[in-house]
Amino acid sequence: MNNGHILIIEDEVKIARVIKLELEYEGYTADIEHSGTEGLRKYNEQQWDLVLLDVMLPGLNGLEVLRRIRAAEDMTPVILLTARDSVPDKVSGLDMGANDYITKPFQIEELLARIRACLRTRQQLQQGNDGNEGLLEIADLALDEKSRTVTRHLVPIELTAREFDLLKFLMMHANQVLNREQILSNVWGYDFVGDTNVVDVYIRYLRKKMDYDYTPPLIHTVRGVGYVLKE
């Protein structure tokens, strides 16, 4: 059974080989490239369900590869593999559209869990868009664009128009960390003039209505970057 086709872009041969073997044992198919240049070429040749992308790569570095991937499309999940002390790279990667990151050295079980989470979210979004136009679903949270209704665990949640638009934006970019400027420009508009703290205020409103009384919480703060909606 093929659980998905994953591209591994990692210059450390041993690490890449271990990841590939573990992925294949779990039912995925996986290909390896050891440089950013070749990794991007391989990415452009085929359709992938997920990309594991090392930040420190020969040729094009991982952040440049990510930038070019996101310039072309916004759907394929990308998980960054980063060094323990590379906080600026983590922040930059999340700002550029990485769905998640994992710090080296890591346990393979954690990596597999993060892969499953990314693929599950992508599948839910695709099913919602294909089978029920205008319906977004993450875990037990559902948003219907046509009726402008929201439910969690089948319980209706009353939202203001702005809260609804904010939640919709977070759900459309599930598993992707969004900074305050991205949220402001897309939810409030590019010509918004005001304090970016308005984002924090409305995130608190959403959490009070759809997170505090439910488990698990879905809106997460990424310190120094912004917010992400994920399981």
# chains A, B, ... in the order shown; residues from 1 in each chain; ligands from 1
>>> residues_around(residues="Trp48 in chain A", least_positions_apart="2", cutoff="6 Å", atoms="only C-alpha atoms", output="PyMOL selection string")
chain A and resi 5-6+50
>>> residues_around(residues="Ser35 in chain A", least_positions_apart="6", cutoff="10 Å", atoms="only C-alpha atoms", output="NGL selection string")
:A and (9-12 or 41 or 54 or 56-62 or 65)
>>> select_by_dssp(residues="range 32-119 of chain A", states="strand (DSSP E)", output="list in words")
Ile32, Glu33, Leu50, Val51, Leu52, Leu53, Asp54, Val78, Ile79, Leu80, Leu81, Thr82, Asp100, Tyr101, Ile102 and Thr103 of chain A
>>> closest_residue(among="A:Glu231, A:Asp195, A:Glu181, A:Glu137", to="Leu154 in chain A", atoms="only C-alpha atoms")
A:Glu137
>>> select_by_dssp(residues="range 28-202 of chain A", states="helix (DSSP H, G or I)", output="number ranges by chain")
A: 36-45, 62-72, 87-95, 108-131, 161-172, 180-188, 197-202
>>> residues_around(residues="Arg207 in chain A", least_positions_apart="4", cutoff="12 Å", atoms="only C-alpha atoms", output="PyMOL selection string")
chain A and resi 157+159+163+166-167+200-203+211-221+227+229
>>> write_last_selection(atoms="C-alpha atoms", output="CSV table (one decimal), in the first residue's frame")
chain,number,residue,atom,x,y,z
A,157,ILE,CA,-20.1,28.2,17.1
A,159,LEU,CA,-18.7,34.0,15.1
A,163,GLU,CA,-13.8,36.1,13.3
A,166,LEU,CA,-9.9,35.0,10.2
A,167,LEU,CA,-10.7,31.4,10.9
A,200,ASP,CA,-3.6,38.9,18.7
A,201,VAL,CA,-6.9,40.2,20.0
A,202,TYR,CA,-9.0,38.3,17.4
A,203,ILE,CA,-7.0,35.2,17.9
A,211,ASP,CA,-10.6,26.1,21.7
A,212,TYR,CA,-11.0,26.6,25.4
A,213,ASP,CA,-13.8,24.1,25.8
A,214,TYR,CA,-12.5,21.5,23.3
A,215,THR,CA,-9.6,19.1,23.1
A,216,PRO,CA,-7.1,19.3,21.5
A,217,PRO,CA,-6.6,23.0,21.0
A,218,LEU,CA,-6.2,23.8,17.3
A,219,ILE,CA,-4.8,27.3,17.2
A,220,HIS,CA,-1.1,27.4,18.3
A,221,THR,CA,1.3,30.2,18.9
A,227,TYR,CA,0.1,31.5,14.5
A,229,LEU,CA,-4.0,26.1,13.0
>>> closest_residue(among="A:Thr82, A:Thr29, A:Thr160, A:Thr76", to="Gln123 in chain A", atoms="only C-alpha atoms")
A:Thr76
>>> closest_residue(among="A:Ala30, A:Leu94, A:Ile79, A:Ile8", to="Val177 in chain A", atoms="only C-alpha atoms")
A:Leu94
>>> residues_around(residues="Leu81 in chain A", least_positions_apart="4", cutoff="9 Å", atoms="only C-alpha atoms", output="mmCIF file with N, CA and C atoms, in the first residue's frame")
data_model
loop_
_atom_site.group_PDB
_atom_site.id
_atom_site.type_symbol
_atom_site.label_atom_id
_atom_site.label_comp_id
_atom_site.auth_asym_id
_atom_site.auth_seq_id
_atom_site.Cartn_x
_atom_site.Cartn_y
_atom_site.Cartn_z
ATOM 1 N N GLU A 10 18.362 15.969 1.269
ATOM 2 C CA GLU A 10 19.233 15.910 2.447
ATOM 3 C C GLU A 10 20.636 15.536 1.988
ATOM 4 N N LEU A 52 10.635 16.539 2.408
ATOM 5 C CA LEU A 52 11.502 16.705 3.577
ATOM 6 C C LEU A 52 12.733 17.461 3.104
ATOM 7 N N LEU A 53 12.949 18.645 3.625
ATOM 8 C CA LEU A 53 13.945 19.559 3.069
ATOM 9 C C LEU A 53 14.944 20.007 4.122
ATOM 10 N N ASP A 54 16.191 19.614 3.947
ATOM 11 C CA ASP A 54 17.252 20.083 4.830
ATOM 12 C C ASP A 54 17.542 21.547 4.529
ATOM 13 N N VAL A 55 17.865 22.322 5.543
ATOM 14 C CA VAL A 55 18.149 23.735 5.338
ATOM 15 C C VAL A 55 19.555 23.946 4.789
ATOM 16 N N MET A 56 20.529 23.242 5.358
ATOM 17 C CA MET A 56 21.921 23.415 4.926
ATOM 18 C C MET A 56 22.237 22.433 3.804
ATOM 19 N N TYR A 101 8.720 22.049 11.003
ATOM 20 C CA TYR A 101 10.155 21.777 11.017
ATOM 21 C C TYR A 101 10.437 20.775 12.120
ATOM 22 N N ILE A 102 11.537 20.069 11.969
ATOM 23 C CA ILE A 102 11.992 19.153 13.008
ATOM 24 C C ILE A 102 13.492 19.352 13.171
ATOM 25 N N THR A 103 13.934 19.337 14.412
ATOM 26 C CA THR A 103 15.312 19.681 14.732
ATOM 27 C C THR A 103 16.184 18.430 14.830
ATOM 28 N N LYS A 104 17.345 18.477 14.190
ATOM 29 C CA LYS A 104 18.316 17.385 14.285
ATOM 30 C C LYS A 104 19.077 17.490 15.604
#
>>> closest_residue(among="A:Leu40, A:Val87, A:Val78, A:Leu21", to="Arg122 in chain A", atoms="only C-alpha atoms")
A:Val78
>>> residues_around(residues="Val225 in chain A", least_positions_apart="3", cutoff="12 Å", atoms="only C-alpha atoms", output="tab-separated table (two decimals) with N, CA, C and O atoms, in the first residue's frame")
chain	number	residue	atom	x	y	z
A	87	VAL	N	17.78	28.85	14.88
A	87	VAL	CA	16.49	29.51	15.10
A	87	VAL	C	16.15	30.48	13.96
A	87	VAL	O	15.01	30.49	13.48
A	88	PRO	N	17.09	31.32	13.48
A	88	PRO	CA	16.73	32.20	12.36
A	88	PRO	C	16.26	31.44	11.13
A	88	PRO	O	15.35	31.88	10.44
A	89	ASP	N	16.86	30.28	10.86
A	89	ASP	CA	16.43	29.48	9.71
A	89	ASP	C	15.02	28.96	9.91
A	89	ASP	O	14.22	28.89	8.97
A	90	LYS	N	14.70	28.56	11.14
A	90	LYS	CA	13.34	28.07	11.42
A	90	LYS	C	12.33	29.18	11.17
A	90	LYS	O	11.30	28.96	10.51
A	91	VAL	N	12.61	30.36	11.70
A	91	VAL	CA	11.70	31.49	11.55
A	91	VAL	C	11.55	31.85	10.08
A	91	VAL	O	10.43	32.04	9.57
A	92	SER	N	12.67	31.94	9.36
A	92	SER	CA	12.62	32.29	7.94
A	92	SER	C	11.85	31.24	7.15
A	92	SER	O	11.05	31.57	6.27
A	93	GLY	N	12.08	29.97	7.47
A	93	GLY	CA	11.40	28.90	6.76
A	93	GLY	C	9.90	28.93	6.97
A	93	GLY	O	9.12	28.78	6.02
A	94	LEU	N	9.48	29.16	8.21
A	94	LEU	CA	8.04	29.25	8.48
A	94	LEU	C	7.44	30.46	7.80
A	94	LEU	O	6.32	30.40	7.27
A	95	ASP	N	8.15	31.57	7.80
A	95	ASP	CA	7.67	32.77	7.12
A	95	ASP	C	7.49	32.53	5.62
A	95	ASP	O	6.60	33.10	5.00
A	96	MET	N	8.34	31.69	5.04
A	96	MET	CA	8.28	31.44	3.60
A	96	MET	C	7.33	30.32	3.23
A	96	MET	O	7.22	29.98	2.06
A	97	GLY	N	6.65	29.74	4.22
A	97	GLY	CA	5.61	28.78	3.87
A	97	GLY	C	5.88	27.34	4.22
A	97	GLY	O	5.13	26.46	3.79
A	176	GLN	N	0.34	25.61	8.29
A	176	GLN	CA	1.32	26.59	7.82
A	176	GLN	C	1.37	27.76	8.80
A	176	GLN	O	0.33	28.36	9.10
A	177	VAL	N	2.54	28.08	9.29
A	177	VAL	CA	2.67	29.18	10.24
A	177	VAL	C	2.51	30.51	9.50
A	177	VAL	O	3.17	30.74	8.48
A	178	LEU	N	1.64	31.36	10.00
A	178	LEU	CA	1.35	32.64	9.37
A	178	LEU	C	1.74	33.77	10.31
A	178	LEU	O	1.39	33.76	11.50
A	179	ASN	N	2.47	34.76	9.77
A	179	ASN	CA	2.83	35.88	10.62
A	179	ASN	C	1.72	36.93	10.63
A	179	ASN	O	0.76	36.87	9.85
A	180	ARG	N	1.82	37.89	11.52
A	180	ARG	CA	0.74	38.86	11.69
A	180	ARG	C	0.51	39.69	10.43
A	180	ARG	O	-0.63	40.05	10.12
A	181	GLU	N	1.58	40.03	9.73
A	181	GLU	CA	1.43	40.84	8.52
A	181	GLU	C	0.66	40.08	7.44
A	181	GLU	O	-0.19	40.67	6.74
A	182	GLN	N	0.92	38.78	7.30
A	182	GLN	CA	0.17	37.96	6.33
A	182	GLN	C	-1.31	37.93	6.70
A	182	GLN	O	-2.18	38.06	5.83
A	183	ILE	N	-1.59	37.75	7.97
A	183	ILE	CA	-2.98	37.68	8.42
A	183	ILE	C	-3.67	39.03	8.20
A	183	ILE	O	-4.80	39.10	7.68
A	220	HIS	N	-2.37	27.39	17.51
A	220	HIS	CA	-1.11	27.36	18.26
A	220	HIS	C	-0.30	28.62	17.97
A	220	HIS	O	-0.28	29.11	16.84
A	221	THR	N	0.38	29.11	18.99
A	221	THR	CA	1.29	30.25	18.86
A	221	THR	C	2.69	29.74	18.58
A	221	THR	O	3.18	28.85	19.27
A	222	VAL	N	3.34	30.29	17.56
A	222	VAL	CA	4.74	30.01	17.29
A	222	VAL	C	5.51	31.26	17.71
A	222	VAL	O	5.44	32.30	17.04
A	228	VAL	N	-0.49	29.22	13.92
A	228	VAL	CA	-0.76	28.11	13.01
A	228	VAL	C	-1.97	27.36	13.52
A	228	VAL	O	-2.14	27.16	14.73
>>> closest_residue(among="A:Leu170, A:Arg162, A:Tyr25, A:Asn175", to="Gly189 in chain A", atoms="only C-alpha atoms")
A:Arg162
>>> closest_residue(among="A:Arg17, A:Arg116, A:Lys230, A:His34", to="His173 in chain A", atoms="only C-alpha atoms")
A:Lys230
>>> atom_distance(atom1="CA of Leu111 in chain A", atom2="CA of Lys168 in chain A")
27.8 Å
>>> atom_distance(atom1="CA of Ala72 in chain A", atom2="CA of Asp165 in chain A")
25.2 Å
>>> residues_around(residues="Ala113 in chain A", least_positions_apart="5", cutoff="12 Å", atoms="only C-alpha atoms", output="list in words")
Leu23, Glu26, Ile79, Asp100, Ile102, Phe106, Gln107, Ile108, Cys118, Leu119, Arg120 and Glu231 of chain A
>>> write_last_selection(atoms="N, CA, C and O atoms", output="PDB file, in the first residue's frame")
ATOM      1  N   LEU A  23      10.679   5.279   5.897  1.00  0.00           N
ATOM      2  CA  LEU A  23       9.474   5.655   5.156  1.00  0.00           C
ATOM      3  C   LEU A  23       8.951   4.471   4.342  1.00  0.00           C
ATOM      4  O   LEU A  23       7.736   4.210   4.316  1.00  0.00           O
ATOM      5  N   GLU A  26       7.137   2.041   6.347  1.00  0.00           N
ATOM      6  CA  GLU A  26       5.807   2.506   6.734  1.00  0.00           C
ATOM      7  C   GLU A  26       4.837   2.560   5.552  1.00  0.00           C
ATOM      8  O   GLU A  26       3.679   2.958   5.717  1.00  0.00           O
ATOM      9  N   ILE A  79       8.360  19.931   5.136  1.00  0.00           N
ATOM     10  CA  ILE A  79       8.878  19.876   6.503  1.00  0.00           C
ATOM     11  C   ILE A  79      10.370  20.145   6.443  1.00  0.00           C
ATOM     12  O   ILE A  79      11.110  19.447   5.736  1.00  0.00           O
ATOM     13  N   ASP A 100       6.087  22.776   8.626  1.00  0.00           N
ATOM     14  CA  ASP A 100       6.566  22.340   9.931  1.00  0.00           C
ATOM     15  C   ASP A 100       8.083  22.243   9.854  1.00  0.00           C
ATOM     16  O   ASP A 100       8.683  22.349   8.770  1.00  0.00           O
ATOM     17  N   ILE A 102      11.537  20.069  11.969  1.00  0.00           N
ATOM     18  CA  ILE A 102      11.992  19.153  13.008  1.00  0.00           C
ATOM     19  C   ILE A 102      13.492  19.352  13.171  1.00  0.00           C
ATOM     20  O   ILE A 102      14.217  19.554  12.198  1.00  0.00           O
ATOM     21  N   PHE A 106      16.825  13.940  15.576  1.00  0.00           N
ATOM     22  CA  PHE A 106      15.426  13.700  15.909  1.00  0.00           C
ATOM     23  C   PHE A 106      15.169  12.196  15.988  1.00  0.00           C
ATOM     24  O   PHE A 106      15.912  11.381  15.442  1.00  0.00           O
ATOM     25  N   GLN A 107      14.076  11.856  16.663  1.00  0.00           N
ATOM     26  CA  GLN A 107      13.620  10.481  16.705  1.00  0.00           C
ATOM     27  C   GLN A 107      12.751  10.223  15.482  1.00  0.00           C
ATOM     28  O   GLN A 107      11.905  11.041  15.131  1.00  0.00           O
ATOM     29  N   ILE A 108      12.955   9.088  14.837  1.00  0.00           N
ATOM     30  CA  ILE A 108      12.226   8.802  13.606  1.00  0.00           C
ATOM     31  C   ILE A 108      10.722   8.758  13.868  1.00  0.00           C
ATOM     32  O   ILE A 108       9.923   9.136  13.009  1.00  0.00           O
ATOM     33  N   CYS A 118       0.822  16.269   8.538  1.00  0.00           N
ATOM     34  CA  CYS A 118       0.801  17.114   7.338  1.00  0.00           C
ATOM     35  C   CYS A 118      -0.032  16.480   6.229  1.00  0.00           C
ATOM     36  O   CYS A 118      -0.837  17.149   5.576  1.00  0.00           O
ATOM     37  N   LEU A 119       0.154  15.198   6.011  1.00  0.00           N
ATOM     38  CA  LEU A 119      -0.579  14.511   4.943  1.00  0.00           C
ATOM     39  C   LEU A 119      -2.064  14.420   5.264  1.00  0.00           C
ATOM     40  O   LEU A 119      -2.912  14.541   4.371  1.00  0.00           O
ATOM     41  N   ARG A 120      -2.388  14.217   6.526  1.00  0.00           N
ATOM     42  CA  ARG A 120      -3.793  14.118   6.918  1.00  0.00           C
ATOM     43  C   ARG A 120      -4.502  15.460   6.700  1.00  0.00           C
ATOM     44  O   ARG A 120      -5.620  15.502   6.183  1.00  0.00           O
ATOM     45  N   GLU A 231      -3.755  20.178  14.042  1.00  0.00           N
ATOM     46  CA  GLU A 231      -4.149  19.211  15.068  1.00  0.00           C
ATOM     47  C   GLU A 231      -3.038  19.076  16.102  1.00  0.00           C
ATOM     48  O   GLU A 231      -1.876  19.192  15.792  1.00  0.00           O
TER      49      GLU A 231
END
>>> atom_distance(atom1="CA of Phe164 in chain A", atom2="CA of Ala139 in chain A")
17.4 Å
